[in-house]
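Shown here: my_file05.csv, CSV, C-alpha atoms.
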```csv
chain,number,residue,atom,x,y,z
A,1,MET,CA,16.1,27.9,-137.1
A,2,ILE,CA,17.8,31.1,-136.1
A,3,ARG,CA,16.5,32.6,-132.9
A,4,GLN,CA,18.0,35.6,-131.1
A,5,THR,CA,16.7,37.7,-128.2
A,6,GLN,CA,18.0,40.9,-126.8
A,7,LEU,CA,16.7,43.3,-124.1
A,8,ILE,CA,16.2,46.7,-125.7
A,9,MET,CA,13.8,49.5,-124.8
A,10,GLY,CA,13.1,47.7,-121.5
A,11,MET,CA,11.6,44.7,-123.2
A,12,PRO,CA,12.8,41.4,-124.8
A,13,ILE,CA,13.0,41.6,-128.6
A,14,THR,CA,13.2,38.3,-130.4
A,15,VAL,CA,14.0,37.7,-134.1
A,16,MET,CA,13.5,34.2,-135.6
A,17,THR,CA,13.9,32.8,-139.1
A,18,PRO,CA,14.0,29.3,-140.5
A,19,ASP,CA,16.1,30.7,-143.4
A,20,MET,CA,19.7,29.7,-142.6
A,21,SER,CA,21.0,32.1,-145.3
A,22,VAL,CA,20.3,35.0,-143.0
A,23,THR,CA,23.6,36.1,-141.5
A,24,ASP,CA,24.4,37.3,-138.0
A,25,GLU,CA,25.1,40.6,-139.5
A,26,ASN,CA,21.6,40.7,-140.9
A,27,ILE,CA,20.1,40.0,-137.5
A,28,ASN,CA,22.4,42.5,-135.7
A,29,GLU,CA,21.2,45.1,-138.1
A,30,VAL,CA,17.7,44.6,-136.7
A,31,PHE,CA,18.9,44.9,-133.1
A,32,ASP,CA,21.0,47.9,-133.8
A,33,PHE,CA,18.0,49.6,-135.3
A,34,PHE,CA,15.9,49.0,-132.2
A,35,THR,CA,18.8,50.3,-130.1
A,36,LYS,CA,19.0,53.4,-132.2
A,37,ILE,CA,15.2,54.0,-132.0
A,38,ASP,CA,15.4,53.6,-128.2
A,39,ARG,CA,18.2,56.2,-128.1
A,40,GLU,CA,16.2,58.6,-130.2
A,41,TYR,CA,12.7,58.1,-128.8
A,42,SER,CA,13.2,57.2,-125.1
A,43,PRO,CA,11.7,59.8,-122.8
A,44,PHE,CA,14.4,58.9,-120.3
A,45,ILE,CA,17.4,59.8,-122.5
A,46,SER,CA,17.8,63.6,-122.2
A,47,THR,CA,19.3,63.8,-125.7
A,48,SER,CA,16.4,61.9,-127.4
A,49,VAL,CA,14.2,63.8,-129.7
A,50,VAL,CA,11.3,63.1,-127.4
A,51,SER,CA,13.1,64.7,-124.4
A,52,ARG,CA,14.1,67.7,-126.5
A,53,ILE,CA,10.6,68.3,-127.7
A,54,ASN,CA,9.4,68.2,-124.1
A,55,ASP,CA,12.1,70.6,-123.0
A,56,GLY,CA,11.3,72.9,-125.9
A,57,SER,CA,14.7,72.7,-127.6
A,58,VAL,CA,13.4,71.1,-130.8
A,59,GLY,CA,10.7,72.9,-132.8
A,60,GLU,CA,8.3,71.3,-135.2
A,61,SER,CA,10.4,72.5,-138.2
A,62,GLU,CA,13.3,70.5,-136.9
A,63,TYR,CA,11.4,67.2,-136.5
A,64,PRO,CA,13.3,64.3,-138.2
A,65,LYS,CA,11.4,62.7,-141.1
A,66,GLU,CA,10.8,59.4,-139.2
A,67,LEU,CA,9.1,61.4,-136.5
A,68,LYS,CA,6.8,63.0,-139.0
A,69,ASP,CA,5.8,59.4,-140.1
A,70,ILE,CA,5.2,58.5,-136.5
A,71,LEU,CA,3.1,61.6,-135.9
A,72,LYS,CA,1.1,60.9,-139.1
A,73,ILE,CA,0.2,57.4,-137.8
A,74,ALA,CA,-0.7,58.9,-134.4
A,75,GLU,CA,-3.0,61.5,-136.0
A,76,GLN,CA,-4.7,58.9,-138.2
A,77,THR,CA,-5.3,56.7,-135.2
A,78,LYS,CA,-6.6,59.5,-133.0
A,79,ARG,CA,-9.2,60.3,-135.8
A,80,GLU,CA,-10.2,56.7,-136.4
A,81,ALA,CA,-10.4,55.9,-132.7
A,82,ASP,CA,-12.5,58.9,-131.9
A,83,GLY,CA,-9.9,60.5,-129.6
A,84,TYR,CA,-9.1,57.3,-127.8
A,85,PHE,CA,-5.4,57.6,-128.8
A,86,ASP,CA,-3.2,60.5,-128.2
A,87,VAL,CA,0.6,61.0,-128.1
A,88,TRP,CA,0.2,64.0,-125.8
A,89,HIS,CA,-0.4,63.0,-122.2
A,90,ASN,CA,-0.8,65.8,-119.6
A,91,GLY,CA,1.0,68.3,-121.8
A,92,ARG,CA,3.9,65.9,-122.4
A,93,PHE,CA,4.8,64.4,-125.7
A,94,ASP,CA,5.0,60.6,-125.5
A,95,PRO,CA,4.8,58.8,-128.8
A,96,SER,CA,5.7,55.4,-127.4
A,97,GLY,CA,2.2,54.1,-128.2
A,98,VAL,CA,3.2,54.3,-131.9
A,99,VAL,CA,6.9,54.0,-131.8
A,100,LYS,CA,6.9,50.4,-130.9
A,101,GLY,CA,4.7,49.2,-133.8
A,102,TRP,CA,6.5,51.5,-136.1
A,103,ALA,CA,9.9,50.2,-135.1
A,104,ILE,CA,8.8,46.6,-135.5
A,105,ALA,CA,7.5,47.4,-139.0
A,106,LYS,CA,10.8,49.1,-140.0
A,107,ALA,CA,12.8,46.2,-138.5
A,108,ALA,CA,10.6,43.8,-140.6
A,109,GLU,CA,11.5,45.9,-143.7
A,110,LEU,CA,15.2,45.4,-142.9
A,111,LEU,CA,14.8,41.6,-142.6
A,112,ALA,CA,12.5,41.3,-145.6
A,113,LYS,CA,15.6,42.4,-147.7
A,114,HIS,CA,17.1,39.0,-146.8
A,115,THR,CA,14.3,36.6,-146.4
A,116,ASN,CA,10.5,36.1,-146.7
A,117,ASP,CA,10.2,34.0,-143.6
A,118,PHE,CA,10.7,35.6,-140.2
A,119,TYR,CA,9.2,36.6,-136.9
A,120,ILE,CA,9.9,39.7,-134.9
A,121,ASP,CA,8.6,40.0,-131.4
A,122,ALA,CA,9.1,43.2,-129.4
A,123,GLY,CA,7.5,42.9,-125.9
A,124,GLY,CA,4.7,40.7,-127.1
A,125,ASP,CA,3.8,42.6,-130.2
A,126,ILE,CA,4.6,40.4,-133.2
A,127,GLN,CA,5.1,40.7,-137.0
A,128,ALA,CA,5.0,37.2,-138.6
A,129,SER,CA,6.1,36.8,-142.2
A,130,GLY,CA,6.0,33.7,-144.3
A,131,VAL,CA,6.5,30.4,-142.6
A,132,ASN,CA,8.3,28.8,-139.6
A,133,ASP,CA,10.9,26.0,-139.7
A,134,ALA,CA,8.2,23.4,-140.2
A,135,GLY,CA,7.1,25.3,-143.4
A,136,ASP,CA,3.9,26.2,-141.7
A,137,PRO,CA,2.5,29.6,-140.8
A,138,TRP,CA,3.7,30.9,-137.4
A,139,ARG,CA,1.8,29.7,-134.4
A,140,ILE,CA,1.4,32.3,-131.8
A,141,GLY,CA,-0.2,32.0,-128.3
A,142,VAL,CA,-2.3,34.7,-126.7
A,143,ARG,CA,-1.1,34.9,-123.1
A,144,ASN,CA,-3.4,34.5,-120.2
A,145,PRO,CA,-3.3,37.9,-118.5
A,146,PHE,CA,-3.7,36.2,-115.2
A,147,ASP,CA,-1.1,33.5,-115.7
A,148,ARG,CA,1.8,34.5,-117.9
A,149,HIS,CA,2.9,30.9,-118.3
A,150,GLN,CA,-0.4,29.9,-120.0
A,151,ASN,CA,-1.9,30.6,-123.4
A,152,ILE,CA,-5.6,30.9,-123.8
A,153,GLN,CA,-5.7,31.0,-127.6
A,154,VAL,CA,-3.4,29.9,-130.4
A,155,VAL,CA,-3.5,31.8,-133.7
A,156,VAL,CA,-1.9,30.9,-137.0
A,157,LEU,CA,-0.4,33.8,-138.8
A,158,LYS,CA,1.2,34.2,-142.2
A,159,ASP,CA,2.1,37.8,-143.2
A,160,HIS,CA,0.0,39.1,-140.3
A,161,ALA,CA,0.7,40.8,-137.0
A,162,ILE,CA,-0.7,40.5,-133.5
A,163,ALA,CA,-0.4,43.1,-130.7
A,164,THR,CA,-1.8,42.9,-127.2
A,165,SER,CA,-2.7,45.8,-125.0
A,166,GLY,CA,-3.6,45.6,-121.3
A,167,THR,CA,-2.6,44.7,-117.9
A,168,ALA,CA,-3.9,42.6,-115.0
A,169,ILE,CA,-3.4,45.5,-112.6
A,170,ARG,CA,-5.8,48.2,-113.6
A,171,GLY,CA,-8.7,49.7,-111.8
A,172,GLN,CA,-11.1,50.0,-114.7
A,173,HIS,CA,-14.8,50.0,-114.2
A,174,ILE,CA,-16.9,50.9,-117.1
A,175,TYR,CA,-20.6,51.7,-116.6
A,176,ASP,CA,-23.1,51.6,-119.4
A,177,PRO,CA,-24.5,55.2,-119.4
A,178,VAL,CA,-27.9,54.0,-120.6
A,179,GLU,CA,-28.5,50.9,-118.6
A,180,GLY,CA,-26.4,52.1,-115.7
A,181,LYS,CA,-25.1,48.7,-115.1
A,182,LYS,CA,-21.4,47.8,-114.8
A,183,LEU,CA,-19.9,46.3,-117.9
A,184,ASP,CA,-17.3,43.6,-117.7
A,185,GLU,CA,-13.8,44.9,-117.3
A,186,VAL,CA,-11.1,44.2,-119.9
A,187,ALA,CA,-7.8,42.7,-118.8
A,188,SER,CA,-6.3,42.5,-122.2
A,189,ILE,CA,-7.2,42.8,-125.9
A,190,SER,CA,-5.2,41.2,-128.7
A,191,VAL,CA,-5.6,42.5,-132.2
A,192,VAL,CA,-4.7,40.8,-135.5
A,193,ALA,CA,-4.0,42.9,-138.6
A,194,ARG,CA,-1.9,42.6,-141.7
A,195,ASN,CA,0.8,44.8,-140.3
A,196,ILE,CA,2.1,45.5,-136.8
A,197,ILE,CA,1.6,49.3,-137.0
A,198,ASP,CA,-2.1,48.8,-137.4
A,199,ALA,CA,-2.4,45.9,-134.9
A,200,ASP,CA,-0.4,47.9,-132.3
A,201,ARG,CA,-2.2,51.2,-132.6
A,202,MET,CA,-5.7,49.6,-132.7
A,203,ALA,CA,-4.9,47.4,-129.7
A,204,THR,CA,-3.9,50.4,-127.7
A,205,ALA,CA,-7.0,52.4,-128.8
A,206,ALA,CA,-9.4,49.4,-128.2
A,207,PHE,CA,-8.0,48.8,-124.8
A,208,ALA,CA,-8.6,52.4,-123.8
A,209,MET,CA,-12.2,52.0,-124.8
A,210,GLY,CA,-12.8,49.4,-122.2
A,211,SER,CA,-15.5,46.8,-123.0
A,212,ASN,CA,-16.5,48.7,-126.1
A,213,GLY,CA,-13.1,48.0,-127.6
A,214,ILE,CA,-14.0,44.6,-128.9
A,215,TYR,CA,-17.0,46.1,-130.7
A,216,PHE,CA,-14.8,48.9,-132.1
A,217,ILE,CA,-12.6,46.3,-133.7
A,218,GLU,CA,-15.7,44.3,-134.9
A,219,GLN,CA,-16.8,47.2,-137.0
A,220,LEU,CA,-13.3,47.7,-138.6
A,221,ASP,CA,-12.5,46.0,-141.8
A,222,GLY,CA,-9.2,44.0,-141.8
A,223,TYR,CA,-9.0,43.6,-138.0
A,224,GLU,CA,-9.9,40.8,-135.6
A,225,ALA,CA,-9.6,40.7,-131.9
A,226,CYS,CA,-9.9,38.7,-128.7
A,227,ALA,CA,-10.6,40.5,-125.4
A,228,VAL,CA,-10.0,38.8,-122.1
A,229,MET,CA,-12.2,40.1,-119.2
A,230,HIS,CA,-11.3,40.3,-115.5
A,231,ASP,CA,-14.0,37.7,-114.8
A,232,ARG,CA,-11.9,35.2,-116.8
A,233,THR,CA,-14.1,35.1,-119.8
A,234,MET,CA,-13.2,36.1,-123.3
A,235,ILE,CA,-15.0,37.7,-126.3
A,236,ALA,CA,-13.7,37.4,-129.9
A,237,THR,CA,-14.8,39.2,-133.0
A,238,THR,CA,-16.7,37.2,-135.6
A,239,GLY,CA,-13.6,36.7,-137.9
A,240,TRP,CA,-11.2,35.8,-135.1
A,241,HIS,CA,-11.9,32.1,-135.5
A,242,ASP,CA,-10.4,32.2,-139.0
A,243,TYR,CA,-7.0,32.7,-137.4
A,244,GLU,CA,-7.5,30.1,-134.6
A,245,ALA,CA,-5.3,27.0,-134.7
A,246,LYS,CA,-7.4,24.0,-135.6
A,247,ALA,CA,-5.4,21.5,-133.6
B,248,MET,CA,16.9,42.4,-102.7
B,249,PHE,CA,14.2,39.9,-101.4
B,250,LYS,CA,13.0,42.8,-99.2
B,251,LYS,CA,12.5,45.1,-102.1
B,252,LEU,CA,10.6,42.4,-104.0
B,253,ALA,CA,8.5,41.6,-101.0
B,254,VAL,CA,7.6,45.2,-100.6
B,255,ALA,CA,6.9,45.7,-104.3
B,256,GLY,CA,5.0,42.4,-104.5
B,257,PHE,CA,2.7,43.3,-101.6
B,258,VAL,CA,2.1,46.8,-102.9
B,259,ILE,CA,1.1,45.3,-106.3
B,260,VAL,CA,-1.3,42.9,-104.6
B,261,THR,CA,-2.7,45.7,-102.6
B,262,PHE,CA,-3.0,47.7,-105.8
B,263,ILE,CA,-4.9,44.9,-107.6
B,264,VAL,CA,-7.3,44.4,-104.7
B,265,TYR,CA,-7.7,48.2,-104.6
B,266,SER,CA,-8.3,48.4,-108.3
B,267,PHE,CA,-11.1,46.0,-108.1
B,268,HIS,CA,-12.9,48.2,-105.6
B,269,GLN,CA,-12.4,51.6,-107.0
B,270,ARG,CA,-14.2,53.2,-109.8
B,271,ASN,CA,-11.9,54.5,-112.3
B,272,GLU,CA,-11.3,58.3,-112.1
B,273,GLY,CA,-8.9,58.8,-114.9
B,274,THR,CA,-5.3,59.8,-114.9
B,275,GLN,CA,-5.7,63.2,-113.5
B,276,ALA,CA,-7.4,62.0,-110.4
B,277,VAL,CA,-5.0,61.1,-107.6
B,278,GLN,CA,-5.7,57.6,-106.4
B,279,ARG,CA,-4.9,56.5,-103.0
B,280,VAL,CA,-3.9,53.1,-101.8
B,281,THR,CA,-3.9,52.6,-98.1
B,282,SER,CA,-3.8,49.3,-96.4
B,283,SER,CA,-3.3,48.7,-92.7
B,284,GLN,CA,-1.9,45.3,-93.6
B,285,SER,CA,0.7,46.9,-95.8
B,286,GLN,CA,2.2,48.6,-92.8
B,287,ASN,CA,3.1,45.2,-91.4
B,288,THR,CA,4.2,43.5,-94.5
B,289,THR,CA,6.2,46.3,-96.0
B,290,SER,CA,8.3,47.3,-93.1
B,291,PRO,CA,11.6,48.2,-94.5
B,292,GLN,CA,14.6,46.2,-93.6
B,293,THR,CA,18.3,46.5,-94.1
B,294,THR,CA,19.3,42.9,-93.3
B,295,SER,CA,19.2,40.0,-95.6
B,296,SER,CA,16.9,38.1,-93.4
B,297,SER,CA,14.1,36.3,-95.2
B,298,SER,CA,11.5,37.6,-92.7
B,299,THR,CA,9.4,40.5,-94.1
B,300,THR,CA,8.3,41.9,-90.7
B,301,SER,CA,11.4,42.5,-88.7
B,302,PRO,CA,10.6,45.3,-86.3
B,303,SER,CA,14.2,46.0,-85.6
B,304,ALA,CA,14.7,47.4,-89.0
B,305,MET,CA,11.7,49.6,-89.0
B,306,THR,CA,13.6,52.8,-88.5
B,307,SER,CA,15.7,52.5,-91.6
B,308,TYR,CA,13.3,54.8,-93.6
B,309,LYS,CA,13.0,58.4,-92.6
B,310,ASP,CA,9.5,59.8,-92.1
B,311,GLY,CA,8.3,61.9,-94.9
B,312,THR,CA,6.7,61.9,-98.4
B,313,TYR,CA,8.8,60.8,-101.3
B,314,THR,CA,7.8,61.0,-104.9
B,315,GLY,CA,9.3,58.4,-107.2
B,316,LYS,CA,10.5,59.1,-110.7
B,317,SER,CA,8.0,58.8,-113.4
B,318,SER,CA,8.6,55.4,-115.0
B,319,ASP,CA,7.8,54.4,-118.5
B,320,ALA,CA,5.3,51.6,-118.9
B,321,PHE,CA,6.0,52.1,-122.6
B,322,TYR,CA,2.5,53.3,-123.3
B,323,GLY,CA,2.4,55.8,-120.6
B,324,TYR,CA,4.0,56.9,-117.3
B,325,VAL,CA,3.5,55.4,-113.9
B,326,GLN,CA,4.5,57.6,-110.9
B,327,VAL,CA,3.9,56.9,-107.2
B,328,ARG,CA,4.4,58.8,-104.0
B,329,ALA,CA,5.3,56.9,-100.9
B,330,THR,CA,4.6,58.2,-97.4
B,331,VAL,CA,6.7,56.9,-94.6
B,332,SER,CA,5.6,57.4,-91.0
B,333,GLY,CA,7.0,55.8,-87.9
B,334,GLY,CA,9.8,54.5,-90.1
B,335,ARG,CA,7.3,52.4,-92.1
B,336,LEU,CA,5.7,52.7,-95.5
B,337,SER,CA,2.2,53.9,-94.6
B,338,ASP,CA,0.7,55.1,-97.8
B,339,ILE,CA,1.2,54.9,-101.5
B,340,THR,CA,-0.4,57.4,-103.8
B,341,ILE,CA,-0.5,56.8,-107.5
B,342,LEU,CA,0.1,60.2,-109.1
B,343,ASN,CA,0.0,59.1,-112.7
B,344,TYR,CA,-1.2,56.0,-114.4
B,345,PRO,CA,-1.5,55.4,-118.2
B,346,GLN,CA,-5.1,56.2,-118.7
B,347,ASP,CA,-6.2,59.6,-119.9
B,348,ARG,CA,-9.1,58.9,-122.1
B,349,ASP,CA,-12.6,59.3,-121.0
B,350,ASN,CA,-14.8,56.3,-120.7
B,351,SER,CA,-17.5,57.0,-123.3
B,352,ILE,CA,-17.3,56.2,-127.0
B,353,ALA,CA,-20.1,56.3,-129.5
B,354,ILE,CA,-20.4,52.8,-130.9
B,355,ASN,CA,-23.7,51.7,-132.4
B,356,ASN,CA,-23.9,48.3,-130.7
B,357,ASP,CA,-27.3,47.7,-132.3
B,358,ALA,CA,-25.7,47.5,-135.7
B,359,LEU,CA,-23.3,44.9,-134.6
B,360,PRO,CA,-23.8,41.2,-133.8
B,361,GLN,CA,-23.9,40.3,-130.1
B,362,LEU,CA,-20.5,38.7,-129.6
B,363,LYS,CA,-20.3,35.5,-127.6
B,364,GLN,CA,-18.7,35.5,-124.2
B,365,GLN,CA,-17.0,32.3,-123.1
B,366,ALA,CA,-14.7,31.1,-120.3
B,367,ILE,CA,-11.0,31.2,-121.0
B,368,GLN,CA,-9.3,27.9,-121.4
B,369,ALA,CA,-5.6,27.0,-121.3
B,370,GLN,CA,-4.3,25.9,-124.7
B,371,SER,CA,-1.5,23.3,-124.5
B,372,SER,CA,-0.4,23.1,-128.1
B,373,ALA,CA,3.1,24.2,-129.1
B,374,VAL,CA,3.7,27.8,-130.3
B,375,ASP,CA,6.5,29.7,-131.9
B,376,GLY,CA,5.9,32.7,-129.8
B,377,VAL,CA,3.4,34.5,-127.5
B,378,SER,CA,1.6,37.8,-127.6
B,379,GLY,CA,0.9,39.6,-124.3
B,380,ALA,CA,0.8,43.0,-122.8
B,381,THR,CA,3.9,44.8,-121.6
B,382,ASP,CA,3.0,45.0,-117.9
B,383,THR,CA,2.9,48.3,-116.1
B,384,SER,CA,3.8,46.6,-112.8
B,385,GLN,CA,7.5,46.9,-113.7
B,386,ALA,CA,7.2,50.6,-114.1
B,387,PHE,CA,5.2,50.7,-110.8
B,388,MET,CA,8.0,48.9,-109.0
B,389,GLU,CA,10.6,51.2,-110.5
B,390,SER,CA,8.8,54.3,-109.4
B,391,LEU,CA,8.2,52.9,-105.9
B,392,GLY,CA,11.8,51.7,-105.6
B,393,ASP,CA,13.0,55.2,-106.5
B,394,ALA,CA,10.7,56.8,-103.8
B,395,LEU,CA,11.9,54.3,-101.2
B,396,ALA,CA,15.6,54.9,-102.1
B,397,GLN,CA,15.0,58.6,-101.3
B,398,ALA,CA,13.4,57.6,-98.0
B,399,LYS,CA,16.5,55.7,-97.0
B,400,ALA,CA,18.9,58.5,-97.7
```

Please render this file's structure as structure tokens.
Amino acid sequence: MIRQTQLIMGMPITVMTPDMSVTDENINEVFDFFTKIDREYSPFISTSVVSRINDGSVGESEYPKELKDILKIAEQTKREADGYFDVWHNGRFDPSGVVKGWAIAKAAELLAKHTNDFYIDAGGDIQASGVNDAGDPWRIGVRNPFDRHQNIQVVVLKDHAIATSGTAIRGQHIYDPVEGKKLDEVASISVVARNIIDADRMATAAFAMGSNGIYFIEQLDGYEACAVMHDRTMIATTGWHDYEAKA
Amino acid sequence: MFKKLAVAGFVIVTFIVYSFHQRNEGTQAVQRVTSSQSQNTTSPQTTSSSSTTSPSAMTSYKDGTYTGKSSDAFYGYVQVRATVSGGRLSDITILNYPQDRDNSIAINNDALPQLKQQAIQAQSSAVDGVSGATDTSQAFMESLGDALAQAKA
């Protein structure tokens, strides 16, 4: 098994493949790609396209093609998620909610040229393709948001992706406007979809919806999710169990 | 180094406790975290002593209000303002936090099955990898660290 991790974009990025025909050069191509995306899309690098949009030195007509793709994904998500997803925050352009998933998907395309069996993890968002070194689908844990050394679910993914949105430190209290009672708070929500762009954007949107997020995913075709509440309970969509590891 | 971690750690704990008691007011709202306890535990220190409450070092921060840089939590910005009085960190105001959506969404729950809620349970079986959220606490510490660096100058 080949397994390499690098710290890029402020997060660990791991590439794995059981296919020993994949070369170091092939793997480096993936890391170089993430580094390039960080350089171009980091809001902290003054020469990045994101910084230049925010300081007004790049107009819409000069947007690079990949940014147009990213914006298209953002627009679609904003529409599908009823406004619960926006790349504009307080008048500032910040597409990082889409860039991460998009970058993993592009990196997966690079690796797919060399092998069918691989796993790419960028900061806990994962695209799994084919099988692991045991010849089985990839086994992926869902981290306990209250104890990062513990998993609370294990899913088995082949040609699927999983993304988790959330944090243990968040003051989020949602009140049911009809009943007036406080609903359970969501600590994290993990979404499984066929590709990481979809899993990532819907995890972000669903988390922003608070305790309605799991029902938002429930009503979407092709998505399953598991939400962990601050009271240390979890709620899964009806199809989530199809992905759960049996043993 | 230990000092910085202790300060940031306590602040995060305070923040967690605080977050459980405050109703969410959205990003625009300025949230305040004040804890009398934090004044003791977060007294700044220049020595490498393992104690977190050395009164001798309390004057190493200049009084004033310092705004930390806006730090990227990858899905949004976290920015804090630290107030130092009597040489001690006395108040932290969270200026920006990645939540700028309102809290109502139209979902017809009646059309959906009631989903079962159950206690979380640790799973011990082996995995190839783990999915989890990129934590905002790192960005929080970064912004606070920046504010305190200014207070030291």

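Between atom CA of A:Asp125 and atom CA of A:Trp88 the separation is 22.1 Å.
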
Pick from A:Asn26, A:Thr17, A:Ser46, A:Ser57: nearest to chain B, with all atoms listed in the file counted?
A:Thr17

Min atom-atom distance to A:Ala225 from the set A:Ser42, A:Thr204, A:Asn212, A:Ser190, counting all atoms listed in the file, belongs to A:Ser190

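Distances to chain B were evaluated for A:Ile152, A:Val228, A:Ala74, A:Val50 using only C-alpha atoms, and the minimum falls at A:Ile152.
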
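Among the candidates A:Ser96, A:Ser129, A:Thr23, A:Ser211, the residue lying nearest to chain B is A:Ser96 (atoms considered: all atoms listed in the file).
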
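Distances to chain A were evaluated for B:Ser332, B:Ser337, B:Thr312, B:Ser318 using only C-alpha atoms, and the minimum falls at B:Ser318.
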